[in-house]
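**Q** Contents of data39.cif (mmCIF, C-alpha atoms):
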```
data_model
loop_
_atom_site.label_atom_id
_atom_site.label_comp_id
_atom_site.auth_asym_id
_atom_site.auth_seq_id
_atom_site.Cartn_x
_atom_site.Cartn_y
_atom_site.Cartn_z
CA MET X 215 37.08 95.44 60.75
CA ALA X 216 39.21 94.43 63.75
CA THR X 217 37.35 96.95 65.91
CA THR X 218 33.99 95.53 64.83
CA ILE X 219 35.08 91.95 65.57
CA CYS X 220 36.35 92.95 69.00
CA PHE X 221 33.06 94.72 69.74
CA ILE X 222 30.99 91.68 68.74
CA ILE X 223 33.12 89.42 70.91
CA TRP X 224 32.81 91.83 73.84
CA VAL X 225 29.01 92.12 73.52
CA LEU X 226 28.63 88.36 73.36
CA PHE X 227 30.77 88.05 76.47
CA VAL X 228 28.80 90.63 78.43
CA THR X 229 25.40 89.38 77.31
CA ASP X 230 26.22 85.81 78.19
CA THR X 231 28.06 86.51 81.42
CA VAL X 232 25.17 85.51 83.64
CA TRP X 233 24.56 82.37 81.56
CA THR X 234 28.13 81.07 81.38
CA ARG X 235 27.91 79.31 84.68
CA THR X 236 24.60 77.76 83.68
CA VAL X 237 26.18 75.94 80.77
CA ARG X 238 29.14 74.86 82.83
CA GLN X 239 26.94 73.48 85.60
CA VAL X 240 24.65 71.53 83.27
CA TYR X 241 27.45 69.57 81.70
CA GLU X 242 29.56 69.13 84.78
CA ALA X 243 29.05 65.38 84.82
CA SER X 244 32.46 64.44 86.11
CA ASP X 245 33.36 65.08 89.71
CA PRO X 246 36.37 64.27 91.85
CA GLU X 247 34.09 62.55 94.35
CA ASP X 248 33.77 58.78 94.17
CA TRP X 249 30.14 58.22 93.31
CA THR X 250 30.41 54.50 94.15
CA MET X 251 30.14 55.47 97.82
CA TYR X 252 26.48 56.38 97.21
CA ASP X 253 23.64 53.95 96.79
CA PHE X 254 22.44 54.44 93.25
CA ASP X 255 18.84 54.68 94.31
CA CYS X 256 16.37 56.24 91.93
CA PRO X 257 12.75 57.24 92.58
CA ARG X 258 10.52 54.96 90.53
CA GLU X 259 8.74 57.99 89.05
CA CYS X 260 11.97 59.36 87.58
CA PHE X 261 14.91 58.52 85.34
CA CYS X 262 18.50 58.39 86.59
CA PRO X 263 21.01 58.23 83.70
CA PRO X 264 24.03 56.09 84.69
CA SER X 265 26.26 58.38 82.62
CA PHE X 266 25.12 61.42 84.64
CA PRO X 267 24.73 60.16 88.23
CA THR X 268 24.20 63.64 89.68
CA ALA X 269 21.04 64.31 87.63
CA LEU X 270 17.44 63.27 88.29
CA TYR X 271 14.88 63.59 85.48
CA CYS X 272 11.24 63.65 86.62
CA GLU X 273 9.72 65.95 84.04
CA ASN X 274 6.51 65.36 82.03
CA ARG X 275 5.26 62.57 84.28
CA GLY X 276 2.03 63.96 85.73
CA LEU X 277 3.52 64.05 89.22
CA LYS X 278 1.49 65.70 91.98
CA GLU X 279 4.21 65.45 94.62
CA ILE X 280 7.98 65.82 94.70
CA PRO X 281 9.61 62.41 95.31
CA ALA X 282 12.38 61.90 97.86
CA ILE X 283 15.58 63.27 96.33
CA PRO X 284 18.70 61.08 96.75
CA SER X 285 21.72 62.69 98.41
CA ARG X 286 23.94 62.44 95.32
CA ILE X 287 21.66 64.65 93.15
CA ARG X 288 22.84 68.08 92.00
CA TYR X 289 20.51 68.68 89.05
CA LEU X 290 16.79 68.13 89.49
CA TYR X 291 14.28 68.36 86.64
CA LEU X 292 10.60 68.45 87.68
CA GLU X 293 9.11 70.69 85.00
CA ASN X 294 5.71 70.19 83.37
CA ASN X 295 3.99 68.24 86.12
CA LEU X 296 1.01 68.87 88.42
CA ILE X 297 2.99 69.70 91.56
CA GLU X 298 1.26 72.13 93.95
CA THR X 299 3.54 72.09 96.98
CA ILE X 300 7.23 72.22 97.92
CA PRO X 301 7.58 70.56 101.34
CA GLU X 302 10.82 70.18 103.29
CA LYS X 303 10.82 66.40 103.59
CA PRO X 304 11.70 65.37 99.98
CA PHE X 305 14.85 67.52 100.21
CA GLU X 306 16.08 66.48 103.66
CA ASN X 307 18.97 64.45 102.17
CA ALA X 308 19.49 66.60 99.06
CA THR X 309 22.34 68.68 100.46
CA GLN X 310 24.24 68.78 97.14
CA LEU X 311 21.51 70.33 94.97
CA ARG X 312 22.71 73.10 92.61
CA TRP X 313 19.85 73.24 90.10
CA ILE X 314 16.07 72.82 90.44
CA ASN X 315 13.68 73.18 87.52
CA LEU X 316 10.03 73.36 88.64
CA ASN X 317 8.68 75.25 85.63
CA LYS X 318 5.13 74.60 84.43
CA ASN X 319 3.57 73.24 87.60
CA LYS X 320 0.78 74.50 89.89
CA ILE X 321 2.84 75.77 92.80
CA THR X 322 1.41 78.51 95.01
CA ASN X 323 3.06 80.50 97.78
CA TYR X 324 0.91 78.72 100.33
CA GLY X 325 2.24 75.43 99.03
CA ILE X 326 5.89 76.28 99.74
CA GLU X 327 6.79 75.13 103.24
CA LYS X 328 8.88 77.67 105.14
CA GLY X 329 12.48 76.49 105.05
CA ALA X 330 11.99 74.05 102.17
CA LEU X 331 14.12 76.15 99.83
CA SER X 332 16.37 77.99 102.29
CA GLN X 333 17.68 74.68 103.63
CA LEU X 334 19.35 74.00 100.26
CA LYS X 335 22.64 75.69 101.13
CA LYS X 336 24.37 74.97 97.80
CA LEU X 337 21.52 75.79 95.42
CA LEU X 338 22.57 78.08 92.55
CA PHE X 339 19.69 77.99 90.03
CA LEU X 340 15.97 77.97 90.81
CA PHE X 341 13.37 77.84 88.01
CA LEU X 342 9.73 78.46 89.01
CA GLU X 343 8.34 79.84 85.75
CA ASP X 344 4.72 79.23 84.70
CA ASN X 345 3.32 78.50 88.17
CA GLU X 346 0.67 80.14 90.39
CA LEU X 347 2.90 82.32 92.59
CA GLU X 348 1.46 85.65 93.76
CA GLU X 349 4.60 86.91 95.48
CA VAL X 350 8.33 86.28 95.31
CA PRO X 351 8.96 83.22 97.52
CA SER X 352 10.95 83.71 100.71
CA PRO X 353 13.20 82.75 102.40
CA LEU X 354 15.61 81.63 99.69
CA PRO X 355 19.13 80.20 100.07
CA ARG X 356 21.96 82.72 100.28
CA SER X 357 23.90 80.74 97.64
CA LEU X 358 21.36 81.41 94.87
CA GLU X 359 22.71 82.93 91.63
CA GLN X 360 19.69 82.83 89.31
CA LEU X 361 15.99 83.13 90.15
CA GLN X 362 13.53 82.63 87.29
CA LEU X 363 9.90 83.58 88.08
CA ALA X 364 8.51 84.50 84.66
CA ARG X 365 4.83 84.02 83.83
CA ASN X 366 3.39 83.75 87.32
CA LYS X 367 0.93 86.09 89.07
CA VAL X 368 3.49 87.92 91.18
CA SER X 369 2.18 91.25 92.44
CA ARG X 370 4.04 91.46 95.76
CA ILE X 371 7.66 91.41 96.91
CA PRO X 372 7.70 90.99 100.70
CA GLN X 373 10.06 93.29 102.56
CA GLY X 374 13.51 91.76 103.02
CA THR X 375 13.00 89.09 100.35
CA PHE X 376 16.32 89.88 98.66
CA SER X 377 18.25 91.09 101.71
CA ASN X 378 20.51 88.03 101.95
CA LEU X 379 20.85 87.21 98.24
CA GLU X 380 24.19 88.89 97.62
CA ASN X 381 25.20 86.14 95.15
CA LEU X 382 22.19 86.59 92.84
CA THR X 383 23.26 87.70 89.35
CA LEU X 384 19.98 87.22 87.44
CA LEU X 385 16.41 87.99 88.49
CA ASP X 386 13.63 87.29 85.99
CA LEU X 387 10.19 88.67 86.90
CA GLN X 388 8.85 89.17 83.40
CA HIS X 389 5.19 88.62 82.55
CA ASN X 390 3.76 88.99 86.04
CA LYS X 391 1.35 91.48 87.68
CA LEU X 392 3.74 93.93 89.27
CA LEU X 393 2.47 97.46 89.90
CA ASP X 394 4.49 100.43 91.11
CA ASN X 395 3.32 99.86 94.69
CA ALA X 396 5.10 96.50 94.75
CA PHE X 397 8.41 98.34 95.30
CA GLN X 398 9.86 100.12 98.32
CA ARG X 399 13.08 102.09 98.26
CA ASP X 400 14.89 99.13 99.83
CA THR X 401 13.23 96.34 97.83
CA PHE X 402 16.43 95.44 95.97
CA LYS X 403 18.74 96.06 98.90
CA GLY X 404 21.14 93.16 99.30
CA LEU X 405 21.45 92.31 95.59
CA LYS X 406 25.06 93.45 95.44
CA ASN X 407 26.01 91.34 92.43
CA LEU X 408 22.84 91.50 90.34
CA MET X 409 23.69 91.96 86.66
CA GLN X 410 20.45 91.23 84.82
CA LEU X 411 16.96 92.36 85.89
CA ASN X 412 13.99 91.51 83.70
CA MET X 413 10.60 93.05 84.56
CA ALA X 414 9.13 93.16 81.07
CA LYS X 415 5.39 92.58 80.58
CA ASN X 416 4.15 93.88 83.91
CA ALA X 417 1.98 96.91 84.72
CA LEU X 418 4.59 99.48 85.74
CA ARG X 419 4.00 103.18 85.11
CA ASN X 420 7.25 104.34 86.69
CA MET X 421 10.83 103.17 86.63
CA PRO X 422 11.58 100.82 89.56
CA PRO X 423 13.37 102.63 92.42
CA ARG X 424 16.91 102.20 93.73
CA LEU X 425 18.16 99.40 91.51
CA PRO X 426 21.37 97.52 92.42
CA ALA X 427 24.50 99.43 91.40
CA ASN X 428 25.97 96.54 89.40
CA THR X 429 22.95 96.14 87.10
CA MET X 430 24.19 95.84 83.50
CA GLN X 431 21.07 94.58 81.71
CA LEU X 432 17.68 96.16 82.46
CA PHE X 433 14.63 94.94 80.54
CA LEU X 434 11.35 96.85 81.03
CA ASP X 435 9.57 96.22 77.73
CA ASN X 436 5.77 96.06 77.53
CA ASN X 437 4.88 98.12 80.58
CA SER X 438 3.13 101.53 80.74
CA ILE X 439 6.14 103.61 81.78
CA GLU X 440 5.57 107.29 81.02
CA GLY X 441 8.78 108.90 82.23
CA ILE X 442 12.28 108.54 83.62
CA PRO X 443 13.34 110.61 86.65
CA GLU X 444 16.21 113.07 86.37
CA ASN X 445 19.57 111.46 87.21
CA TYR X 446 17.91 108.02 87.36
CA PHE X 447 20.92 106.31 85.79
CA ASN X 448 23.37 107.68 88.37
CA VAL X 449 22.36 104.81 90.65
CA ILE X 450 23.15 102.17 88.01
CA PRO X 451 26.42 103.44 86.48
CA LYS X 452 27.20 100.11 84.78
CA VAL X 453 23.99 99.66 82.81
CA ALA X 454 24.94 98.69 79.25
CA PHE X 455 21.76 97.17 77.79
CA LEU X 456 18.49 99.06 78.32
CA ARG X 457 15.18 97.91 76.82
CA LEU X 458 12.09 100.10 77.12
CA ASN X 459 10.18 99.00 74.02
CA HIS X 460 6.36 99.13 74.05
CA ASN X 461 5.89 101.73 76.79
CA LYS X 462 4.36 105.24 76.89
CA LEU X 463 7.50 107.35 76.90
CA SER X 464 7.14 110.88 75.54
CA ASP X 465 9.68 113.66 75.04
CA ALA X 466 8.44 115.39 78.19
CA GLY X 467 9.02 112.24 80.22
CA LEU X 468 12.75 111.99 79.48
CA PRO X 469 15.55 113.49 81.59
CA SER X 470 17.00 116.77 80.31
CA SER X 471 20.16 114.93 79.29
CA GLY X 472 18.17 112.25 77.51
CA PHE X 473 20.15 109.02 77.44
CA ASN X 474 23.56 110.66 77.51
CA VAL X 475 24.91 107.89 79.74
CA SER X 476 28.40 106.68 78.88
CA SER X 477 27.83 103.07 80.00
CA ILE X 478 24.83 102.40 77.71
CA LEU X 479 25.81 100.48 74.57
CA ASP X 480 22.42 99.19 73.41
CA LEU X 481 19.28 101.33 73.81
CA GLN X 482 15.86 100.13 72.69
CA LEU X 483 12.94 102.62 72.69
CA SER X 484 10.72 101.14 69.98
CA HIS X 485 6.93 101.58 70.08
CA ASN X 486 6.73 104.64 72.33
CA GLN X 487 5.42 108.19 71.82
CA LEU X 488 8.63 110.10 71.11
CA THR X 489 8.56 112.92 68.55
CA LYS X 490 12.29 113.68 68.74
CA VAL X 491 15.47 111.64 68.76
CA PRO X 492 16.75 111.90 72.36
CA LYS X 493 20.26 112.92 73.29
CA ILE X 494 22.66 109.99 73.39
CA SER X 495 26.19 109.25 74.51
CA ALA X 496 29.11 108.97 72.12
CA HIS X 497 29.60 105.43 73.45
CA LEU X 498 26.17 104.18 72.32
CA GLN X 499 26.44 101.55 69.56
CA HIS X 500 22.87 100.36 68.89
CA LEU X 501 19.78 102.60 68.94
CA HIS X 502 16.21 101.38 68.28
CA LEU X 503 13.65 104.17 67.78
CA ASP X 504 11.27 102.52 65.34
CA HIS X 505 7.50 103.00 65.61
CA ASN X 506 7.44 106.31 67.45
CA LYS X 507 6.15 109.67 66.16
CA ILE X 508 9.45 111.15 65.01
CA ARG X 509 9.18 113.49 62.00
CA ASN X 510 12.77 114.57 61.48
CA VAL X 511 16.29 113.99 62.74
CA ASN X 512 18.00 117.10 64.10
CA VAL X 513 21.62 116.01 63.92
CA SER X 514 22.89 119.23 65.50
CA VAL X 515 21.03 118.26 68.68
CA ILE X 516 21.67 114.51 68.85
CA CYS X 517 25.26 114.39 67.60
CA PRO X 518 27.46 113.80 70.67
CA SER X 519 30.18 116.38 71.06
CA THR X 520 33.78 115.31 70.44
CA PRO X 521 37.04 117.20 70.92
CA THR X 522 37.47 119.69 68.08
CA THR X 523 41.28 119.37 68.16
CA LEU X 524 41.33 115.77 66.99
CA PRO X 525 42.80 115.02 63.54
CA VAL X 526 40.25 113.75 61.02
CA GLU X 527 41.77 110.26 61.03
CA ASP X 528 41.33 110.04 64.84
CA SER X 529 37.64 110.99 64.72
CA PHE X 530 36.83 107.42 63.71
CA SER X 531 38.35 106.13 66.94
CA TYR X 532 37.27 108.87 69.33
CA GLY X 533 34.04 110.07 67.71
CA PRO X 534 30.52 108.65 68.19
CA HIS X 535 30.43 104.85 68.19
CA LEU X 536 26.89 104.41 66.83
CA ARG X 537 26.80 101.49 64.38
CA TYR X 538 23.11 100.59 64.12
CA LEU X 539 20.16 102.99 63.94
CA ARG X 540 16.54 101.98 63.43
CA LEU X 541 13.99 104.70 62.60
CA ASP X 542 11.35 102.86 60.57
CA GLY X 543 7.68 103.18 61.51
CA ASN X 544 8.00 106.92 62.18
CA GLU X 545 6.98 109.92 60.07
CA ILE X 546 10.45 110.43 58.61
CA LYS X 547 10.78 110.51 54.86
CA PRO X 548 13.99 109.62 53.01
CA PRO X 549 16.62 110.57 52.06
CA ILE X 550 18.79 110.26 55.15
CA PRO X 551 20.36 113.62 56.09
CA MET X 552 23.99 113.69 55.01
CA ASP X 553 25.07 115.32 58.25
CA LEU X 554 23.80 112.19 60.05
CA MET X 555 26.45 110.15 58.26
CA THR X 556 29.03 112.86 58.84
CA CYS X 557 28.43 112.74 62.59
CA PHE X 558 28.10 108.97 62.99
CA ARG X 559 30.96 107.78 60.80
CA LEU X 560 30.86 104.23 62.10
CA LEU X 561 27.22 103.65 61.11
CA GLN X 562 26.86 100.33 59.32
CA ALA X 563 23.06 100.14 59.13
CA VAL X 564 20.29 102.73 59.11
CA ILE X 565 16.70 101.49 58.78
CA ILE X 566 14.28 104.27 57.90
#
```
Can the structure in the file be given as structure tokens, please?

**A**
Amino acid sequence: MATTICFIIWVLFVTDTVWTRTVRQVYEASDPEDWTMYDFDCPRECFCPPSFPTALYCENRGLKEIPAIPSRIRYLYLENNLIETIPEKPFENATQLRWINLNKNKITNYGIEKGALSQLKKLLFLFLEDNELEEVPSPLPRSLEQLQLARNKVSRIPQGTFSNLENLTLLDLQHNKLLDNAFQRDTFKGLKNLMQLNMAKNALRNMPPRLPANTMQLFLDNNSIEGIPENYFNVIPKVAFLRLNHNKLSDAGLPSSGFNVSSILDLQLSHNQLTKVPKISAHLQHLHLDHNKIRNVNVSVICPSTPTTLPVEDSFSYGPHLRYLRLDGNEIKPPIPMDLMTCFRLLQAVII
């Protein structure tokens, strides 16, 4: 029980790592600076809460232009408007900005003035979801930690776009129009601290090349990926959460070692074309294989090898760590093979 609790705590910590700073920033209302030194000016189109002097709320107001941003502002909310452009001028005094939310507007790449974003030297979070972007905007400030571009029309990533973004930890490109030709071998060069990469719901047929070495969470659901190159995971030795649901993976498209990667803790391969359970690491804890074409479970093949000299009581600690296995939607008929339970002694749930 203690082991399970520790695991849950650890997973929550890892999964939320890239979000922790978000929460802290949003509620960081107090500041050692004396805000009385600033004129408490507020654009007439927006709301400036006296209890949160560093925030400016301009969302849901039908705005077509970004108003002049006062110098005291750190958190700027402009979502759900009709804004088409991001010029430099409204931000010329906004040197303290940490957070900009421009989701659900009509912004195009042509509407972003060169230097408008890169001049914001302290910006950490940039939200541009649900706009009209056709490529990843550039240049961006070196300080940026999260870039959210979901649900645009992005099909291009200009060369060098990420070359100076060594502080970026999260990149969300889900639900765009990315094809394999959008990537070069050096596309992600410079993203030294990237931890989460989301490219779900695009049109990829191959795994993206040369991902950043520190990537821990890789989400590629709802593409058309058919195979994974041999030794692909050697480049991302820290990947712990891998989602490849709703693709076109077949047995022939997997590496010879399958997913026998010690860093992977959560592996999701639902809704593919697999007929066999792939090889896995003894460290894997959650495995989703539902809605494939699997007919049987060959435990002798998938059971990770463990030292044969271990006492029986130690096999619980040093044996396979698999706790959750989902196999429903396949062609497997119950009962569950007993040797499956013998191999994976920590299994708490099997859905078949």

**Q** Using Å and a single decimal, report how far CA of Val350 in chain X sits from CA of Asn437 in chain X.

**A**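 If I compute the distance from CA of Asn437 in chain X to CA of Val350 in chain X, I get 19.2 Å.
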
**Q** Using only C-alpha atoms, which of X:Asn390, X:Gln431, X:Thr322, X:Asn407 sits nearest Val453 in chain X?

**A** X:Gln431

**Q** Which residues, named as in the file, does the PyMOL selection byres ((chain X and resi 467-472) around 7) pick out? Answer as number ranges by chain.

**A** X: 440-444, 463-466, 473-474, 492-494

**Q** Mind pulling up the distance from CA of Leu338 in chain X to CA of Thr268 in chain X?

**A**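 Atom-to-atom, CA of Thr268 in chain X to CA of Leu338 in chain X, that is 14.8 Å.
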
**Q** Run the PyMOL selection byres ((chain X and resi 434) around 6) on the file and write out the hits as an MDAnalysis selection string.

**A** chainID X and resid 413:414 433 435 457:458

**Q** What does the file look like for those residues with C-alpha atoms, as a PDB file, in the frame of the given file?

**A**
```
ATOM      1  CA  MET X 413      10.600  93.050  84.560  1.00  0.00           C
ATOM      2  CA  ALA X 414       9.130  93.160  81.070  1.00  0.00           C
ATOM      3  CA  PHE X 433      14.630  94.940  80.540  1.00  0.00           C
ATOM      4  CA  ASP X 435       9.570  96.220  77.730  1.00  0.00           C
ATOM      5  CA  ARG X 457      15.180  97.910  76.820  1.00  0.00           C
ATOM      6  CA  LEU X 458      12.090 100.100  77.120  1.00  0.00           C
TER       7      LEU X 458
END
```

**Q** Restricting the calculation to all atoms listed in the file, which member of X:Cys557, X:Ile314, X:Pro451, X:Ile508 is positioned closest to Asn544 in chain X?

**A** X:Ile508

**Q** What is the CA of Val491 in chain X to CA of Asn459 in chain X distance in Å?

**A**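 Distance between the two atoms: 14.7 Å.
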
**Q** Nearest to Leu331 in chain X: which of X:Asp553, X:Asp255, X:Asp386, X:Glu306 is it, counting only C-alpha atoms?

**A**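 That would be X:Glu306, the residue with the smallest distance to Leu331 in chain X.
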
**Q** Which polymer residues have any atom within 9 Å of an atom of Ile546 in chain X, counting all atoms listed in the file, with same-chain residues fewer than 6 positions away left out, as a list of chain:residue names?

**A**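 Using all atoms listed in the file, the neighbours found are X:Lys507, X:Ile508, X:Arg509, X:Asn510, X:Val511, X:Ile566.
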
**Q** Please evaluate the PyMOL selection byres ((chain X and resi 286) around 7) against the structure above and give the resulting residues as a PyMOL selection string.

**A** chain X and resi 252+268+284-285+287-288+310

**Q** I need the residue nearest Leu384 in chain X from this list: X:Leu560, X:Val515, X:Leu432, X:Val449. Use only C-alpha atoms for the distance.

**A**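 Smallest separation from Leu384 in chain X among the options: X:Leu432.
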
**Q** Please define a box with edges along x, y and z of the file around all atoms of range 351-362 of chain X given in the file, extend it by 5 Å on each side, and return its centre and edge lengths in Å to one decimal, as AutoDock Vina command-line options.

**A**
```
--center_x 16.4 --center_y 82.0 --center_z 94.8 --size_x 24.9 --size_y 13.5 --size_z 25.1
```

**Q** From the options X:Pro551, X:Pro257, X:Pro263, X:Pro353, which residue's atoms come nearest to Leu277 in chain X, counting all atoms listed in the file?

**A**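 Smallest distance to Leu277 in chain X is found for X:Pro257.
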
**Q** Considering only C-alpha atoms, return as number ranges by chain whatever protein or nucleic-acid residues lie within 8 Å of His460 in chain X, sequence-local ones (same chain, fewer than 3 positions apart) excluded.

**A** X: 435-438, 483-486

**Q** Kindly indicate which residue among X:Leu561, X:Leu334, X:Leu270, X:Ile439 lies nearest to Ile283 in chain X, using all atoms listed in the file for the distances.

**A** X:Leu270

**Q** Can you pull out every residue within 8 Å of Arg356 in chain X, counting all atoms listed in the file, but drop anything in the same chain fewer than 4 positions away, and send it as a VMD selection string?

**A** chain X and resid 332 335 378 to 381

**Q** Output range 254-263 of chain X with all heavy atoms present, as a PDB file, in the coordinates of the input.

**A**
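Generated output (selection.pdb):
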```
ATOM      1  N   PHE X 254      22.996  53.872  94.462  1.00  0.00           N
ATOM      2  CA  PHE X 254      22.440  54.440  93.250  1.00  0.00           C
ATOM      3  C   PHE X 254      20.936  54.219  93.232  1.00  0.00           C
ATOM      4  O   PHE X 254      20.382  53.531  92.378  1.00  0.00           O
ATOM      5  CB  PHE X 254      23.100  53.832  92.012  1.00  0.00           C
ATOM      6  CG  PHE X 254      22.919  54.675  90.781  1.00  0.00           C
ATOM      7  CD1 PHE X 254      23.711  55.787  90.573  1.00  0.00           C
ATOM      8  CD2 PHE X 254      21.937  54.375  89.854  1.00  0.00           C
ATOM      9  CE1 PHE X 254      23.539  56.577  89.449  1.00  0.00           C
ATOM     10  CE2 PHE X 254      21.766  55.158  88.719  1.00  0.00           C
ATOM     11  CZ  PHE X 254      22.569  56.260  88.527  1.00  0.00           C
ATOM     12  N   ASP X 255      20.285  54.793  94.250  1.00  0.00           N
ATOM     13  CA  ASP X 255      18.840  54.680  94.310  1.00  0.00           C
ATOM     14  C   ASP X 255      18.205  55.704  93.388  1.00  0.00           C
ATOM     15  O   ASP X 255      18.748  56.774  93.175  1.00  0.00           O
ATOM     16  CB  ASP X 255      18.345  54.864  95.749  1.00  0.00           C
ATOM     17  CG  ASP X 255      18.835  56.154  96.369  1.00  0.00           C
ATOM     18  OD1 ASP X 255      19.941  56.584  95.992  1.00  0.00           O
ATOM     19  OD2 ASP X 255      18.134  56.728  97.223  1.00  0.00           O
ATOM     20  N   CYS X 256      17.048  55.356  92.863  1.00  0.00           N
ATOM     21  CA  CYS X 256      16.370  56.240  91.930  1.00  0.00           C
ATOM     22  C   CYS X 256      14.865  56.144  92.167  1.00  0.00           C
ATOM     23  O   CYS X 256      14.306  55.048  92.159  1.00  0.00           O
ATOM     24  CB  CYS X 256      16.684  55.828  90.487  1.00  0.00           C
ATOM     25  SG  CYS X 256      15.966  56.946  89.245  1.00  0.00           S
ATOM     26  N   PRO X 257      14.204  57.290  92.411  1.00  0.00           N
ATOM     27  CA  PRO X 257      12.750  57.240  92.580  1.00  0.00           C
ATOM     28  C   PRO X 257      12.089  56.589  91.377  1.00  0.00           C
ATOM     29  O   PRO X 257      12.453  56.880  90.235  1.00  0.00           O
ATOM     30  CB  PRO X 257      12.358  58.718  92.689  1.00  0.00           C
ATOM     31  CG  PRO X 257      13.599  59.408  93.155  1.00  0.00           C
ATOM     32  CD  PRO X 257      14.738  58.660  92.537  1.00  0.00           C
ATOM     33  N   ARG X 258      11.138  55.721  91.634  1.00  0.00           N
ATOM     34  CA  ARG X 258      10.520  54.960  90.530  1.00  0.00           C
ATOM     35  C   ARG X 258       9.805  55.856  89.534  1.00  0.00           C
ATOM     36  O   ARG X 258       9.590  55.471  88.386  1.00  0.00           O
ATOM     37  CB  ARG X 258       9.569  53.909  91.084  1.00  0.00           C
ATOM     38  CG  ARG X 258       8.425  54.473  91.907  1.00  0.00           C
ATOM     39  CD  ARG X 258       7.562  53.356  92.495  1.00  0.00           C
ATOM     40  NE  ARG X 258       6.489  53.861  93.348  1.00  0.00           N
ATOM     41  CZ  ARG X 258       5.344  54.326  92.900  1.00  0.00           C
ATOM     42  NH1 ARG X 258       5.108  54.363  91.590  1.00  0.00           N
ATOM     43  NH2 ARG X 258       4.406  54.760  93.728  1.00  0.00           N
ATOM     44  N   GLU X 259       9.433  57.070  89.961  1.00  0.00           N
ATOM     45  CA  GLU X 259       8.740  57.990  89.050  1.00  0.00           C
ATOM     46  C   GLU X 259       9.680  58.696  88.091  1.00  0.00           C
ATOM     47  O   GLU X 259       9.231  59.374  87.164  1.00  0.00           O
ATOM     48  CB  GLU X 259       7.997  59.080  89.848  1.00  0.00           C
ATOM     49  CG  GLU X 259       7.076  58.557  90.931  1.00  0.00           C
ATOM     50  CD  GLU X 259       7.755  58.513  92.297  1.00  0.00           C
ATOM     51  OE1 GLU X 259       8.990  58.329  92.332  1.00  0.00           O
ATOM     52  OE2 GLU X 259       7.051  58.665  93.292  1.00  0.00           O
ATOM     53  N   CYS X 260      10.987  58.542  88.295  1.00  0.00           N
ATOM     54  CA  CYS X 260      11.970  59.360  87.580  1.00  0.00           C
ATOM     55  C   CYS X 260      12.965  58.510  86.803  1.00  0.00           C
ATOM     56  O   CYS X 260      12.946  57.279  86.857  1.00  0.00           O
ATOM     57  CB  CYS X 260      12.717  60.258  88.576  1.00  0.00           C
ATOM     58  SG  CYS X 260      11.625  61.236  89.640  1.00  0.00           S
ATOM     59  N   PHE X 261      13.851  59.187  86.102  1.00  0.00           N
ATOM     60  CA  PHE X 261      14.910  58.520  85.340  1.00  0.00           C
ATOM     61  C   PHE X 261      16.258  59.017  85.832  1.00  0.00           C
ATOM     62  O   PHE X 261      16.481  60.219  85.972  1.00  0.00           O
ATOM     63  CB  PHE X 261      14.755  58.827  83.848  1.00  0.00           C
ATOM     64  CG  PHE X 261      15.909  58.349  83.009  1.00  0.00           C
ATOM     65  CD1 PHE X 261      16.240  57.004  82.946  1.00  0.00           C
ATOM     66  CD2 PHE X 261      16.674  59.253  82.287  1.00  0.00           C
ATOM     67  CE1 PHE X 261      17.313  56.565  82.189  1.00  0.00           C
ATOM     68  CE2 PHE X 261      17.747  58.831  81.518  1.00  0.00           C
ATOM     69  CZ  PHE X 261      18.068  57.479  81.467  1.00  0.00           C
ATOM     70  N   CYS X 262      17.152  58.072  86.106  1.00  0.00           N
ATOM     71  CA  CYS X 262      18.500  58.390  86.590  1.00  0.00           C
ATOM     72  C   CYS X 262      19.518  57.860  85.583  1.00  0.00           C
ATOM     73  O   CYS X 262      19.811  56.662  85.580  1.00  0.00           O
ATOM     74  CB  CYS X 262      18.751  57.777  87.948  1.00  0.00           C
ATOM     75  SG  CYS X 262      17.585  58.261  89.222  1.00  0.00           S
ATOM     76  N   PRO X 263      20.048  58.712  84.708  1.00  0.00           N
ATOM     77  CA  PRO X 263      21.010  58.230  83.700  1.00  0.00           C
ATOM     78  C   PRO X 263      22.323  57.793  84.355  1.00  0.00           C
ATOM     79  O   PRO X 263      22.937  58.585  85.074  1.00  0.00           O
ATOM     80  CB  PRO X 263      21.213  59.433  82.795  1.00  0.00           C
ATOM     81  CG  PRO X 263      20.848  60.613  83.644  1.00  0.00           C
ATOM     82  CD  PRO X 263      19.790  60.156  84.581  1.00  0.00           C
TER      83      PRO X 263
END
```
